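Student: My structure file entry.cif, mmCIF, C-alpha atoms, is below:
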```
data_final
loop_
_atom_site.label_atom_id
_atom_site.label_comp_id
_atom_site.auth_asym_id
_atom_site.auth_seq_id
_atom_site.Cartn_x
_atom_site.Cartn_y
_atom_site.Cartn_z
CA MET P 1334 60.42 86.97 102.21
CA LEU P 1335 63.35 85.58 104.21
CA PRO P 1336 62.56 83.39 107.23
CA GLU P 1337 62.95 85.21 110.53
CA SER P 1338 65.71 82.84 111.64
CA TRP P 1339 67.85 83.89 108.67
CA LEU P 1340 67.86 87.59 109.49
CA PRO P 1341 70.68 87.52 112.09
CA PHE P 1342 72.79 85.49 109.66
CA LEU P 1343 72.08 88.01 106.89
CA ALA P 1344 73.09 90.99 109.05
CA ALA P 1345 76.23 89.28 110.36
CA SER P 1346 77.26 88.09 106.89
CA ALA P 1347 76.80 91.53 105.33
CA SER P 1348 78.74 93.20 108.13
CA LEU P 1349 81.57 90.67 107.87
CA LEU P 1350 81.70 90.95 104.07
CA PHE P 1351 81.94 94.75 104.20
CA PHE P 1352 84.68 94.53 106.83
CA VAL P 1353 86.73 91.99 104.86
CA LEU P 1354 86.45 94.04 101.66
CA GLY P 1355 87.17 97.35 103.35
CA TYR P 1356 89.81 96.56 105.98
CA ARG P 1357 92.90 96.63 103.79
CA PRO P 1358 91.86 99.76 101.83
CA TYR P 1359 91.04 101.44 105.16
CA ARG P 1360 94.42 100.55 106.66
CA ARG P 1361 96.08 101.69 103.44
CA ALA P 1362 94.24 105.01 103.53
CA VAL P 1363 95.15 105.61 107.18
CA PHE P 1364 98.79 104.71 106.49
CA ARG P 1365 98.89 107.05 103.50
CA ALA P 1366 97.39 109.93 105.46
CA ARG P 1367 99.83 109.52 108.36
CA LEU P 1368 102.82 109.15 106.05
CA GLU P 1369 101.93 112.23 104.02
CA SER P 1370 101.37 114.30 107.16
CA GLN P 1371 104.96 113.56 108.28
CA ILE P 1372 106.66 114.51 105.00
CA PRO P 1373 107.30 118.16 106.04
CA ASP P 1374 109.08 116.99 109.22
CA ALA P 1375 111.21 114.58 107.19
CA LEU P 1376 112.14 117.29 104.69
CA ARG P 1377 113.14 119.70 107.46
CA ALA P 1378 115.22 117.01 109.17
CA ILE P 1379 117.01 116.14 105.92
CA ALA P 1380 117.61 119.83 105.14
CA ASP P 1381 119.04 120.47 108.62
CA ALA P 1382 121.25 117.38 108.45
CA VAL P 1383 122.62 118.25 104.99
CA SER P 1384 123.25 121.88 105.96
CA GLY P 1385 125.16 120.53 108.97
CA GLY P 1386 127.58 118.70 106.68
CA LEU P 1387 126.08 115.20 106.57
CA ASP P 1388 125.70 113.28 103.34
CA LEU P 1389 122.27 112.20 102.11
CA ARG P 1390 122.46 108.68 103.50
CA SER P 1391 123.38 110.00 106.95
CA ALA P 1392 120.51 112.48 106.68
CA PHE P 1393 118.17 109.57 105.99
CA GLU P 1394 119.50 107.86 109.12
CA VAL P 1395 118.57 110.98 111.09
CA VAL P 1396 114.99 110.75 109.80
CA SER P 1397 114.86 107.06 110.74
CA THR P 1398 115.56 108.01 114.37
CA LEU P 1399 112.92 110.74 114.64
CA GLY P 1400 110.41 108.45 116.32
CA LEU P 1401 107.68 109.38 113.84
CA SER P 1402 105.74 106.37 112.63
CA PRO P 1403 105.38 105.32 109.84
CA ILE P 1404 107.92 107.60 108.12
CA ALA P 1405 110.78 106.57 110.43
CA ASP P 1406 110.08 102.92 109.54
CA VAL P 1407 110.10 103.79 105.84
CA PHE P 1408 113.48 105.50 106.11
CA ARG P 1409 114.91 102.56 108.02
CA ARG P 1410 114.05 100.49 104.95
CA VAL P 1411 115.72 103.10 102.74
CA VAL P 1412 118.89 103.05 104.86
CA ALA P 1413 118.93 99.24 104.92
CA LEU P 1414 118.51 99.09 101.15
CA SER P 1415 121.35 101.54 100.57
CA SER P 1416 123.59 99.65 103.02
CA VAL P 1417 122.88 96.03 102.14
CA GLY P 1418 121.48 96.31 98.63
CA GLY P 1419 124.31 98.43 97.31
CA ALA P 1420 122.01 101.17 95.97
CA THR P 1421 122.81 104.84 96.36
CA ALA P 1422 120.77 106.78 98.90
CA PRO P 1423 118.66 108.57 96.22
CA ASP P 1424 118.06 105.33 94.31
CA ALA P 1425 117.09 103.51 97.52
CA LEU P 1426 114.63 106.28 98.39
CA TRP P 1427 113.04 106.18 94.94
CA SER P 1428 112.83 102.38 95.01
CA VAL P 1429 110.99 102.41 98.35
CA ALA P 1430 108.71 105.24 97.15
CA GLU P 1431 107.70 103.23 94.08
CA GLU P 1432 107.09 100.18 96.25
CA LEU P 1433 104.81 102.14 98.60
CA GLY P 1434 102.86 103.78 95.78
CA VAL P 1435 101.83 106.80 97.88
CA PRO P 1436 101.54 109.73 95.43
CA ASN P 1437 102.78 112.53 97.71
CA PHE P 1438 105.63 110.40 99.03
CA LYS P 1439 106.70 109.70 95.45
CA ARG P 1440 106.67 113.47 94.79
CA PHE P 1441 108.75 113.97 97.92
CA ALA P 1442 111.23 111.30 96.80
CA LEU P 1443 111.43 112.81 93.32
CA ILE P 1444 112.26 116.24 94.76
CA VAL P 1445 115.03 114.80 96.93
CA VAL P 1446 116.45 112.62 94.15
CA GLU P 1447 116.46 115.32 91.48
CA ALA P 1448 117.86 117.95 93.84
CA ALA P 1449 120.68 115.60 94.84
CA ARG P 1450 121.48 114.67 91.23
CA SER P 1451 121.37 118.21 89.87
CA GLY P 1452 123.82 119.54 92.40
CA ALA P 1453 121.41 122.27 93.50
CA LYS P 1454 121.59 123.84 96.93
CA LEU P 1455 119.94 120.92 98.66
CA PRO P 1456 119.06 122.56 102.01
CA GLU P 1457 117.32 125.49 100.30
CA VAL P 1458 115.42 123.22 97.90
CA LEU P 1459 114.30 120.90 100.69
CA GLY P 1460 113.32 123.81 102.92
CA THR P 1461 111.10 125.23 100.18
CA ALA P 1462 109.59 121.79 99.55
CA ALA P 1463 108.94 121.38 103.29
CA ARG P 1464 106.96 124.62 103.39
CA THR P 1465 104.97 123.58 100.31
CA PHE P 1466 104.13 120.16 101.73
CA ALA P 1467 103.25 121.73 105.09
CA THR P 1468 100.68 123.90 103.31
CA VAL P 1469 99.18 120.82 101.65
CA VAL P 1470 99.07 118.92 104.95
CA GLU P 1471 97.40 121.85 106.70
CA PHE P 1472 94.79 122.03 103.95
CA ARG P 1473 94.10 118.30 104.31
CA ARG P 1474 93.69 118.67 108.07
CA ASP P 1475 91.27 121.56 107.67
CA LEU P 1476 89.31 119.56 105.11
CA SER P 1477 89.19 116.53 107.40
CA ALA P 1478 87.95 118.69 110.29
CA GLN P 1479 85.20 120.08 108.07
CA LEU P 1480 84.13 116.61 106.92
CA ARG P 1481 84.13 114.95 110.34
CA PRO P 1482 80.61 116.17 111.24
CA TYR P 1483 79.27 114.50 108.09
CA VAL P 1484 80.68 111.16 109.23
CA LEU P 1485 78.90 111.62 112.55
CA LEU P 1486 75.76 112.57 110.64
CA TYR P 1487 76.01 109.28 108.74
CA TYR P 1488 75.95 107.32 111.99
CA ALA P 1489 73.16 109.52 113.33
CA VAL P 1490 71.04 108.68 110.28
CA VAL P 1491 71.77 104.98 110.81
CA GLY P 1492 70.70 105.22 114.45
CA VAL P 1493 67.53 107.18 113.71
CA PHE P 1494 66.52 104.74 110.98
CA ALA P 1495 67.05 101.79 113.32
CA ALA P 1496 65.04 103.46 116.10
CA LEU P 1497 62.13 104.33 113.80
CA SER P 1498 62.19 100.82 112.36
CA ASP P 1499 61.91 99.35 115.86
CA VAL P 1500 58.94 101.59 116.62
CA LEU P 1501 57.26 100.53 113.38
CA VAL P 1502 57.87 96.79 113.73
CA TYR P 1503 57.43 96.22 117.44
CA PHE P 1504 54.82 98.83 118.36
CA MET P 1505 52.87 100.09 115.37
CA LEU P 1506 52.48 96.84 113.42
CA PRO P 1507 51.15 94.81 116.38
CA ARG P 1508 48.72 97.60 117.16
CA LEU P 1509 47.66 97.77 113.52
CA ALA P 1510 47.13 94.00 113.51
CA GLN P 1511 44.85 94.29 116.54
CA LEU P 1512 42.80 97.05 114.92
CA THR P 1513 42.57 95.06 111.71
CA ALA P 1514 41.32 92.01 113.59
CA GLN P 1515 38.63 94.11 115.25
CA VAL P 1516 37.24 95.65 112.05
CA SER P 1517 37.67 92.70 109.69
CA ASN P 1518 34.85 90.33 108.85
CA ALA P 1519 34.24 87.48 106.49
CA ALA P 1520 33.67 89.80 103.55
CA ILE P 1521 36.39 92.37 104.19
CA ARG P 1522 39.92 91.45 105.24
CA PRO P 1523 42.34 94.41 105.10
CA ALA P 1524 45.81 93.57 103.87
CA THR P 1525 48.52 93.57 106.53
CA ILE P 1526 52.25 92.92 106.60
CA SER P 1527 53.68 90.42 109.05
CA THR P 1528 56.44 91.30 111.49
CA PRO P 1529 59.01 88.95 109.86
CA ASP P 1530 58.33 90.43 106.42
CA ALA P 1531 58.61 93.98 107.76
CA LEU P 1532 61.86 93.09 109.53
CA ALA P 1533 63.31 91.59 106.36
CA VAL P 1534 62.43 94.64 104.27
CA LEU P 1535 63.78 97.09 106.84
CA LEU P 1536 66.96 95.08 107.41
CA LEU P 1537 67.69 94.91 103.68
CA THR P 1538 67.04 98.65 103.45
CA ALA P 1539 69.39 99.28 106.39
CA ILE P 1540 72.14 97.20 104.78
CA LEU P 1541 71.78 99.05 101.48
CA GLN P 1542 71.77 102.38 103.30
CA ALA P 1543 74.91 101.41 105.22
CA LEU P 1544 76.66 100.32 102.02
CA VAL P 1545 75.88 103.46 100.02
CA GLY P 1546 76.63 105.77 102.93
CA GLY P 1547 79.88 103.95 103.72
CA LEU P 1548 81.09 104.24 100.13
CA VAL P 1549 80.35 107.97 100.16
CA VAL P 1550 82.14 108.44 103.50
CA GLY P 1551 85.15 106.53 102.19
CA ARG P 1552 85.36 108.52 98.98
CA VAL P 1553 85.02 111.88 100.70
CA THR P 1554 87.07 111.21 103.84
CA TYR P 1555 89.75 108.75 102.72
CA PHE P 1556 89.75 109.40 98.95
CA SER P 1557 88.94 105.69 98.56
CA ALA P 1558 85.36 104.42 98.38
CA ARG P 1559 86.37 100.92 99.47
CA ALA P 1560 87.97 102.27 102.65
CA GLY P 1561 84.49 103.37 103.70
CA LEU P 1562 83.30 99.76 103.77
CA VAL P 1563 84.66 99.56 107.32
CA HIS P 1564 82.09 102.19 108.26
CA ALA P 1565 79.46 100.26 106.30
CA SER P 1566 80.35 97.15 108.32
CA LEU P 1567 79.89 98.97 111.63
CA ALA P 1568 76.66 100.62 110.47
CA THR P 1569 75.27 97.25 109.36
CA ALA P 1570 76.13 95.71 112.72
CA ILE P 1571 74.44 98.60 114.56
CA SER P 1572 71.32 98.39 112.40
CA GLY P 1573 71.12 94.61 112.67
CA ALA P 1574 71.52 94.64 116.44
CA ALA P 1575 68.94 97.40 116.88
CA LEU P 1576 66.39 95.69 114.64
CA LEU P 1577 66.82 92.15 115.90
CA ALA P 1578 67.63 92.62 119.59
CA PRO P 1579 63.94 92.90 120.61
CA LEU P 1580 63.37 89.45 119.09
CA TRP P 1581 66.00 87.94 121.35
CA LEU P 1582 64.69 89.80 124.42
CA ARG P 1583 61.17 88.45 124.13
#
```
Let me see the file written as structure tokens.
Tutor:
Amino acid sequence: MLPESWLPFLAASASLLFFVLGYRPYRRAVFRARLESQIPDALRAIADAVSGGLDLRSAFEVVSTLGLSPIADVFRRVVALSSVGGATAPDALWSVAEELGVPNFKRFALIVVEAARSGAKLPEVLGTAARTFATVVEFRRDLSAQLRPYVLLYYAVVGVFAALSDVLVYFMLPRLAQLTAQVSNAAIRPATISTPDALAVLLLTAILQALVGGLVVGRVTYFSARAGLVHASLATAISGAALLAPLWLR
């Protein structure tokens, strides 16, 4: 098995690798969730501005001053593109939506663009869309609230596994070695596992457990398995510290 001195390096490397691979997808998933949750507010603001006599570009400027991040930042880009780039307000919105690649924001942009081009009653269309998106956002929030205990359960499993592993390695195995030494003789030598070998096996198991659990958490919670690698990184760090800390405290 791996030398005992390599185990901290293995745990740290696995944790760092999971973090590097998962950080950008995690940030992307968080950005997407926050942006989508603010779409109903943006639609209501645009509908109110248009019904008050403002054109679409001015309505976008209103959204950019709402103080809601990140959607206010997105609309500042839309306004800048329509001002400096020479694009119309609907075209600028669609261009930014395609650049972001957030599915629900693209649907939102498509509704605004098509309603503006068709000459439909824009405030009524946007008001209806705002209510529809609000229903979707509320559903997502309820789903997230229902799934949050399972994320906590994931960390609880990690902690319990680490605690039981410590008991096995640092208490049970030494005691078993003592008993084996007492009953063994020249003819009979019971097989035993050394502490470094047990640590290596349990650490590799903990890393694999953290990886699989993190991918599941990411897929279920963020709709992106790779986003869950941030959780896998933290779980690996917790497991590694719990398993190896007694070695450093000797």
Student: Could the residues of segment 1467-1576 of chain P that have an atom at most 6 Å from segment 1354-1359 of chain P be listed as a Markdown table, each with its closest atom pair and the distance in Å to one decimal, counting all atoms listed in the file and ordered by chain and ascending residue number?
Tutor:
```
| residue | atom | partner | partner_atom | distance |
| --- | --- | --- | --- | --- |
| P:Arg1559 | CA | P:Gly1355 | CA | 5.3 |
| P:Ala1560 | CA | P:Tyr1359 | CA | 4.1 |
| P:Leu1562 | CA | P:Gly1355 | CA | 4.6 |
| P:Val1563 | CA | P:Gly1355 | CA | 5.2 |
```
Student: Considering all atoms listed in the file, can you say which of P:Ala1578, P:Ile1540, P:Leu1476, P:Ala1462 comes closest to Arg1377 of chain P?
Tutor: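 Comparing P:Ala1578, P:Ile1540, P:Leu1476, P:Ala1462 against Arg1377 of chain P, the winner is P:Ala1462.
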Student: One decimal, Å: what's the distance from atom CA of Leu1548 of chain P over to atom CA of Gly1561 of chain P, could you say?
Tutor: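 Pair atom CA of Leu1548 of chain P / atom CA of Gly1561 of chain P returns 5.0 Å.
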Student: I need the residue nearest Gly1546 of chain P from this list: P:Ser1527, P:Ala1489, P:Leu1512, P:Val1502. Use all atoms listed in the file for the distance.
Tutor: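 Of the candidates, the smallest distance to Gly1546 of chain P is held by P:Ala1489.
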Student: Using all atoms listed in the file, can you tell me which of P:Ala1413, P:Leu1349, P:Ala1496, P:Val1446 comes closest to His1564 of chain P?
Tutor: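 Closest to His1564 of chain P of all the choices is P:Leu1349.
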Student: Run the PyMOL selection byres ((chain P and resi 1554) around 9) mentally over the shown coordinates, then write out the matched residues as a list of chain:residue names, using the chain letters and numbers from the document.
Tutor: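 Those residues are P:Leu1476, P:Ser1477, P:Leu1480, P:Arg1481, P:Val1484, P:Val1549, P:Val1550, P:Gly1551, P:Arg1552, P:Val1553, P:Tyr1555, P:Phe1556, P:Ser1557, P:Ala1558, P:Gly1561.
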Student: Could you save those same residues with C-alpha atoms as a PDB file, in the coordinates of the input?
Tutor:
```
ATOM      1  CA  LEU P1476      89.310 119.560 105.110  1.00  0.00           C
ATOM      2  CA  SER P1477      89.190 116.530 107.400  1.00  0.00           C
ATOM      3  CA  LEU P1480      84.130 116.610 106.920  1.00  0.00           C
ATOM      4  CA  ARG P1481      84.130 114.950 110.340  1.00  0.00           C
ATOM      5  CA  VAL P1484      80.680 111.160 109.230  1.00  0.00           C
ATOM      6  CA  VAL P1549      80.350 107.970 100.160  1.00  0.00           C
ATOM      7  CA  VAL P1550      82.140 108.440 103.500  1.00  0.00           C
ATOM      8  CA  GLY P1551      85.150 106.530 102.190  1.00  0.00           C
ATOM      9  CA  ARG P1552      85.360 108.520  98.980  1.00  0.00           C
ATOM     10  CA  VAL P1553      85.020 111.880 100.700  1.00  0.00           C
ATOM     11  CA  TYR P1555      89.750 108.750 102.720  1.00  0.00           C
ATOM     12  CA  PHE P1556      89.750 109.400  98.950  1.00  0.00           C
ATOM     13  CA  SER P1557      88.940 105.690  98.560  1.00  0.00           C
ATOM     14  CA  ALA P1558      85.360 104.420  98.380  1.00  0.00           C
ATOM     15  CA  GLY P1561      84.490 103.370 103.700  1.00  0.00           C
TER      16      GLY P1561
END
```
Student: Restricting the calculation to all atoms listed in the file, which member of P:Leu1443, P:Gln1479, P:Leu1485, P:Ile1526 is positioned closest to Ser1428 of chain P?
Tutor: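 Closest candidate: P:Leu1443.
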Student: Report, in Å to a single decimal, how far apart atom CA of Arg1473 of chain P and atom CA of Thr1569 of chain P are.
Tutor: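 Distance reported for this atom pair: 28.7 Å.
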Student: With N, CA and C atoms as the atom set, please write segment 1337-1369 of chain P from the structure just given, as a CSV table (one decimal), in the first residue's frame.
Tutor:
```
chain,number,residue,atom,x,y,z
P,1337,GLU,N,2.9,5.8,4.6
P,1337,GLU,CA,2.1,6.6,5.5
P,1337,GLU,C,2.4,8.1,5.2
P,1338,SER,N,3.6,8.4,4.8
P,1338,SER,CA,4.0,9.8,4.6
P,1338,SER,C,3.3,10.4,3.4
P,1339,TRP,N,2.8,9.5,2.5
P,1339,TRP,CA,2.1,10.0,1.3
P,1339,TRP,C,0.7,10.3,1.5
P,1340,LEU,N,0.1,9.8,2.6
P,1340,LEU,CA,-1.3,10.0,2.7
P,1340,LEU,C,-1.8,11.4,2.8
P,1341,PRO,N,-1.1,12.3,3.6
P,1341,PRO,CA,-1.6,13.7,3.6
P,1341,PRO,C,-1.5,14.3,2.2
P,1342,PHE,N,-0.5,14.0,1.4
P,1342,PHE,CA,-0.4,14.5,0.1
P,1342,PHE,C,-1.5,14.0,-0.8
P,1343,LEU,N,-1.9,12.7,-0.6
P,1343,LEU,CA,-3.0,12.2,-1.4
P,1343,LEU,C,-4.3,12.9,-1.1
P,1344,ALA,N,-4.6,13.1,0.2
P,1344,ALA,CA,-5.8,13.7,0.6
P,1344,ALA,C,-5.9,15.2,0.1
P,1345,ALA,N,-4.8,15.9,0.3
P,1345,ALA,CA,-4.7,17.3,-0.2
P,1345,ALA,C,-4.8,17.4,-1.7
P,1346,SER,N,-4.2,16.5,-2.4
P,1346,SER,CA,-4.2,16.6,-3.9
P,1346,SER,C,-5.6,16.3,-4.4
P,1347,ALA,N,-6.3,15.3,-3.8
P,1347,ALA,CA,-7.6,14.9,-4.3
P,1347,ALA,C,-8.6,16.1,-4.0
P,1348,SER,N,-8.4,16.7,-2.8
P,1348,SER,CA,-9.3,17.8,-2.4
P,1348,SER,C,-9.1,19.0,-3.4
P,1349,LEU,N,-7.8,19.3,-3.7
P,1349,LEU,CA,-7.5,20.4,-4.6
P,1349,LEU,C,-8.0,20.1,-6.0
P,1350,LEU,N,-7.8,18.9,-6.5
P,1350,LEU,CA,-8.3,18.5,-7.8
P,1350,LEU,C,-9.8,18.7,-7.9
P,1351,PHE,N,-10.5,18.2,-7.0
P,1351,PHE,CA,-12.0,18.3,-7.0
P,1351,PHE,C,-12.4,19.8,-7.0
P,1352,PHE,N,-11.7,20.6,-6.2
P,1352,PHE,CA,-12.0,22.0,-6.1
P,1352,PHE,C,-11.8,22.7,-7.5
P,1353,VAL,N,-10.6,22.4,-8.0
P,1353,VAL,CA,-10.3,23.1,-9.3
P,1353,VAL,C,-11.3,22.7,-10.4
P,1354,LEU,N,-11.6,21.4,-10.5
P,1354,LEU,CA,-12.6,20.9,-11.5
P,1354,LEU,C,-14.0,21.4,-11.2
P,1355,GLY,N,-14.4,21.6,-10.0
P,1355,GLY,CA,-15.7,22.0,-9.7
P,1355,GLY,C,-16.0,23.4,-9.4
P,1356,TYR,N,-15.0,24.3,-9.3
P,1356,TYR,CA,-15.2,25.7,-8.9
P,1356,TYR,C,-16.0,26.4,-9.9
P,1357,ARG,N,-15.6,26.4,-11.2
P,1357,ARG,CA,-16.2,27.2,-12.2
P,1357,ARG,C,-17.7,26.7,-12.5
P,1358,PRO,N,-17.9,25.3,-12.6
P,1358,PRO,CA,-19.3,24.9,-12.7
P,1358,PRO,C,-20.1,25.3,-11.5
P,1359,TYR,N,-19.6,25.3,-10.3
P,1359,TYR,CA,-20.3,25.7,-9.1
P,1359,TYR,C,-20.7,27.2,-9.2
P,1360,ARG,N,-19.7,28.0,-9.5
P,1360,ARG,CA,-20.0,29.4,-9.7
P,1360,ARG,C,-21.0,29.7,-10.8
P,1361,ARG,N,-20.9,28.9,-11.9
P,1361,ARG,CA,-21.9,29.0,-13.0
P,1361,ARG,C,-23.3,28.6,-12.5
P,1362,ALA,N,-23.4,27.6,-11.7
P,1362,ALA,CA,-24.7,27.1,-11.3
P,1362,ALA,C,-25.3,28.1,-10.3
P,1363,VAL,N,-24.5,28.7,-9.4
P,1363,VAL,CA,-25.0,29.7,-8.5
P,1363,VAL,C,-25.5,30.9,-9.2
P,1364,PHE,N,-24.7,31.4,-10.2
P,1364,PHE,CA,-25.0,32.5,-11.0
P,1364,PHE,C,-26.3,32.3,-11.8
P,1365,ARG,N,-26.5,31.1,-12.4
P,1365,ARG,CA,-27.7,30.8,-13.1
P,1365,ARG,C,-28.9,30.8,-12.2
P,1366,ALA,N,-28.8,30.2,-11.0
P,1366,ALA,CA,-29.9,30.1,-10.1
P,1366,ALA,C,-30.3,31.5,-9.7
P,1367,ARG,N,-29.4,32.4,-9.3
P,1367,ARG,CA,-29.7,33.7,-8.9
P,1367,ARG,C,-30.3,34.6,-10.0
P,1368,LEU,N,-29.7,34.4,-11.2
P,1368,LEU,CA,-30.2,35.2,-12.4
P,1368,LEU,C,-31.7,34.7,-12.7
P,1369,GLU,N,-31.9,33.4,-12.7
P,1369,GLU,CA,-33.3,33.0,-13.0
P,1369,GLU,C,-34.3,33.4,-12.0
```
